[in-house]
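With PDB, C-alpha atoms, pLDDT in the B column inside, this is model_9.pdb:
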```pdb
ATOM      1  CA  SER M 232     118.348  93.229   3.145  1.00 46.00           C
ATOM      2  CA  PRO M 233     121.641  92.109   4.737  1.00 49.00           C
ATOM      3  CA  ALA M 234     119.737  90.262   7.481  1.00 48.00           C
ATOM      4  CA  GLN M 235     117.872  88.195   4.896  1.00 49.00           C
ATOM      5  CA  VAL M 236     121.141  87.341   3.165  1.00 49.00           C
ATOM      6  CA  THR M 237     122.789  86.176   6.401  1.00 46.00           C
ATOM      7  CA  ASN M 238     119.772  84.062   7.328  1.00 50.00           C
ATOM      8  CA  SER M 239     119.135  82.410   3.975  1.00 56.00           C
ATOM      9  CA  CYS M 240     122.402  81.769   2.157  1.00 57.00           C
ATOM     10  CA  CYS M 241     125.206  82.114   4.670  1.00 55.00           C
ATOM     11  CA  PRO M 242     124.685  79.954   7.748  1.00 67.00           C
ATOM     12  CA  LEU M 243     128.393  80.321   8.542  1.00 87.00           C
ATOM     13  CA  VAL M 244     128.192  84.047   9.307  1.00 90.00           C
ATOM     14  CA  PRO M 245     129.501  84.486  12.868  1.00 92.00           C
ATOM     15  CA  GLN M 246     126.801  85.250  15.433  1.00 93.00           C
ATOM     16  CA  VAL M 247     128.504  88.495  16.450  1.00 94.00           C
ATOM     17  CA  LEU M 248     128.228  89.852  12.895  1.00 94.00           C
ATOM     18  CA  LYS M 249     124.710  88.548  12.394  1.00 94.00           C
ATOM     19  CA  SER M 250     123.413  90.075  15.641  1.00 94.00           C
ATOM     20  CA  CYS M 251     125.227  93.382  15.204  1.00 94.00           C
ATOM     21  CA  THR M 252     124.201  93.912  11.580  1.00 93.00           C
ATOM     22  CA  GLU M 253     120.564  93.093  12.329  1.00 94.00           C
ATOM     23  CA  PHE M 254     120.611  95.538  15.249  1.00 94.00           C
ATOM     24  CA  ILE M 255     122.283  98.284  13.208  1.00 93.00           C
ATOM     25  CA  GLU M 256     119.844  97.758  10.345  1.00 91.00           C
ATOM     26  CA  LYS M 257     116.937  98.197  12.756  1.00 92.00           C
ATOM     27  CA  HIS M 258     118.284 100.928  15.070  1.00 90.00           C
ATOM     28  CA  GLY M 259     121.374 102.376  13.413  1.00 81.00           C
ATOM     29  CA  ILE M 260     119.970 105.014  11.126  1.00 83.00           C
ATOM     30  CA  VAL M 261     122.317 107.668  12.501  1.00 83.00           C
ATOM     31  CA  ASP M 262     125.148 109.654  10.979  1.00 82.00           C
ATOM     32  CA  GLY M 263     128.505 107.936  11.046  1.00 85.00           C
ATOM     33  CA  ILE M 264     127.370 104.591  12.436  1.00 89.00           C
ATOM     34  CA  TYR M 265     130.685 103.017  11.357  1.00 90.00           C
ATOM     35  CA  ARG M 266     132.739 106.214  11.308  1.00 92.00           C
ATOM     36  CA  LEU M 267     132.234 107.197  14.947  1.00 92.00           C
ATOM     37  CA  SER M 268     133.565 105.001  17.722  1.00 94.00           C
ATOM     38  CA  GLY M 269     131.551 103.766  20.644  1.00 95.00           C
ATOM     39  CA  ILE M 270     132.617 104.059  24.269  1.00 96.00           C
ATOM     40  CA  ALA M 271     135.522 101.655  24.825  1.00 97.00           C
ATOM     41  CA  SER M 272     134.074 100.128  28.018  1.00 97.00           C
ATOM     42  CA  ASN M 273     130.764  99.427  26.232  1.00 97.00           C
ATOM     43  CA  ILE M 274     132.572  97.800  23.305  1.00 97.00           C
ATOM     44  CA  GLN M 275     134.541  95.581  25.695  1.00 97.00           C
ATOM     45  CA  LYS M 276     131.392  94.665  27.657  1.00 95.00           C
ATOM     46  CA  LEU M 277     129.619  93.709  24.447  1.00 96.00           C
ATOM     47  CA  ARG M 278     132.633  91.748  23.232  1.00 96.00           C
ATOM     48  CA  HIS M 279     132.809  89.879  26.529  1.00 95.00           C
ATOM     49  CA  GLU M 280     129.139  88.931  26.237  1.00 94.00           C
ATOM     50  CA  PHE M 281     129.695  87.459  22.767  1.00 94.00           C
ATOM     51  CA  ASP M 282     132.964  85.790  23.880  1.00 93.00           C
ATOM     52  CA  SER M 283     131.037  84.120  26.711  1.00 93.00           C
ATOM     53  CA  GLU M 284     128.979  82.395  24.021  1.00 81.00           C
ATOM     54  CA  GLN M 285     125.923  84.423  24.887  1.00 83.00           C
ATOM     55  CA  ILE M 286     123.777  86.374  22.475  1.00 89.00           C
ATOM     56  CA  PRO M 287     123.540  89.701  24.262  1.00 92.00           C
ATOM     57  CA  ASP M 288     120.345  91.693  24.457  1.00 93.00           C
ATOM     58  CA  LEU M 289     121.285  94.579  22.201  1.00 94.00           C
ATOM     59  CA  THR M 290     118.104  96.425  23.136  1.00 92.00           C
ATOM     60  CA  LYS M 291     119.513  97.204  26.598  1.00 92.00           C
ATOM     61  CA  ASP M 292     119.707 100.937  27.272  1.00 94.00           C
ATOM     62  CA  ILE M 293     123.507 100.798  27.368  1.00 93.00           C
ATOM     63  CA  TYR M 294     123.627  99.722  23.709  1.00 93.00           C
ATOM     64  CA  ILE M 295     120.693 101.826  22.485  1.00 92.00           C
ATOM     65  CA  GLN M 296     122.261 104.938  24.044  1.00 93.00           C
ATOM     66  CA  ASP M 297     125.703 104.088  22.614  1.00 94.00           C
ATOM     67  CA  ILE M 298     124.684 102.549  19.314  1.00 93.00           C
ATOM     68  CA  HIS M 299     128.159 103.257  17.933  1.00 95.00           C
ATOM     69  CA  CYS M 300     129.620 100.575  20.214  1.00 96.00           C
ATOM     70  CA  VAL M 301     127.775  97.949  18.150  1.00 96.00           C
ATOM     71  CA  GLY M 302     129.298  99.257  14.904  1.00 95.00           C
ATOM     72  CA  SER M 303     132.679  99.485  16.625  1.00 96.00           C
ATOM     73  CA  LEU M 304     132.467  95.836  17.640  1.00 97.00           C
ATOM     74  CA  CYS M 305     131.892  94.882  13.980  1.00 95.00           C
ATOM     75  CA  LYS M 306     134.972  96.868  12.955  1.00 95.00           C
ATOM     76  CA  LEU M 307     136.993  95.281  15.771  1.00 96.00           C
ATOM     77  CA  TYR M 308     135.929  91.811  14.642  1.00 95.00           C
ATOM     78  CA  PHE M 309     137.189  92.435  11.102  1.00 94.00           C
ATOM     79  CA  ARG M 310     140.414  94.062  12.364  1.00 94.00           C
ATOM     80  CA  GLU M 311     141.238  91.040  14.503  1.00 94.00           C
ATOM     81  CA  LEU M 312     140.722  88.394  11.828  1.00 91.00           C
ATOM     82  CA  PRO M 313     143.936  86.382  11.365  1.00 89.00           C
ATOM     83  CA  ASN M 314     143.719  87.054   7.626  1.00 84.00           C
ATOM     84  CA  PRO M 315     142.031  90.066   6.089  1.00 84.00           C
ATOM     85  CA  LEU M 316     138.604  89.626   4.554  1.00 83.00           C
ATOM     86  CA  LEU M 317     140.210  90.382   1.187  1.00 82.00           C
ATOM     87  CA  THR M 318     143.108  87.991   1.595  1.00 83.00           C
ATOM     88  CA  TYR M 319     146.744  88.823   0.989  1.00 82.00           C
ATOM     89  CA  GLN M 320     146.599  86.703  -2.172  1.00 83.00           C
ATOM     90  CA  LEU M 321     144.057  89.138  -3.628  1.00 84.00           C
ATOM     91  CA  TYR M 322     146.066  92.309  -2.937  1.00 81.00           C
ATOM     92  CA  GLU M 323     147.741  92.298  -6.359  1.00 84.00           C
ATOM     93  CA  LYS M 324     144.355  92.220  -8.080  1.00 85.00           C
ATOM     94  CA  PHE M 325     143.380  95.432  -6.307  1.00 81.00           C
ATOM     95  CA  SER M 326     146.554  97.381  -7.049  1.00 78.00           C
TER      96      SER M 326
END
```

Have the structure of the file written as structure tokens, please.
Amino acid sequence: SPAQVTNSCCPLVPQVLKSCTEFIEKHGIVDGIYRLSGIASNIQKLRHEFDSEQIPDLTKDIYIQDIHCVGSLCKLYFRELPNPLLTYQLYEKFS
């Protein structure tokens, strides 16, 4: 499972990704978990909790009821990376 991979071989996985993927794996068996967006205010609240160096309680009703905000935060994290996950140097290999 992805959670086992992040725990065993990749200690450098950011906490936000580790927490969100574990939560989605446990609770996110819904259609369009990454396709549908969460409520913007919930995404920002969740982001603020992680930015404050806290590990938020993702089992709060606000996140269980808007599970898409957790997936949206993962997408936001990848969008805001200074360099894409598949770096610019690799673009030619994919074209």

Let me know the centre plus edge lengths, in Å and rounded to one decimal, of a box with edges along x, y and z that contains all listed atoms of region 298-312 of chain M and is padded by 4 Å on every side, as JSON.
```
{"center_x": 133.0, "center_y": 95.8, "center_z": 15.7, "size_x": 24.6, "size_y": 22.9, "size_z": 17.1}
```

What's the separation between CA of Gly269 (chain M) and CA of Tyr294 (chain M), in Å to one decimal place?
9.4 Å

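Applied to the shown file, the PyMOL selection byres ((chain M and resi 251) around 9) selects the residues Gln246, Val247, Leu248, Lys249, Ser250, Thr252, Glu253, Phe254, Ile255, Glu256, Leu289, Val301, Gly302, Leu304 and Cys305 of chain M.
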
Output for the residues just chosen: C-alpha atoms as a compact mmCIF listing (two decimals), in the frame of the given file:
```
# COMPACT_ATOMS: atom_id res chain seq x y z
CA GLN M 246 126.80 85.25 15.43
CA VAL M 247 128.50 88.50 16.45
CA LEU M 248 128.23 89.85 12.90
CA LYS M 249 124.71 88.55 12.39
CA SER M 250 123.41 90.08 15.64
CA THR M 252 124.20 93.91 11.58
CA GLU M 253 120.56 93.09 12.33
CA PHE M 254 120.61 95.54 15.25
CA ILE M 255 122.28 98.28 13.21
CA GLU M 256 119.84 97.76 10.34
CA LEU M 289 121.28 94.58 22.20
CA VAL M 301 127.78 97.95 18.15
CA GLY M 302 129.30 99.26 14.90
CA LEU M 304 132.47 95.84 17.64
CA CYS M 305 131.89 94.88 13.98
```

Protein, DNA and RNA residues within 7 Å of (127.7, 105.9, 18.3), all atoms listed in the file, as a ChimeraX atom specification
/M:264,267-269,297-300

To verify the selection step, state as a PyMOL selection string which residues the PyMOL selection byres ((chain M and resi 278) around 10) yields on this input.
chain M and resi 247+272-277+279-283+287+300-301+304-305+307-308

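Between CA of Lys291 (chain M) and CA of Arg310 (chain M) the interatomic distance comes to 25.5 Å.
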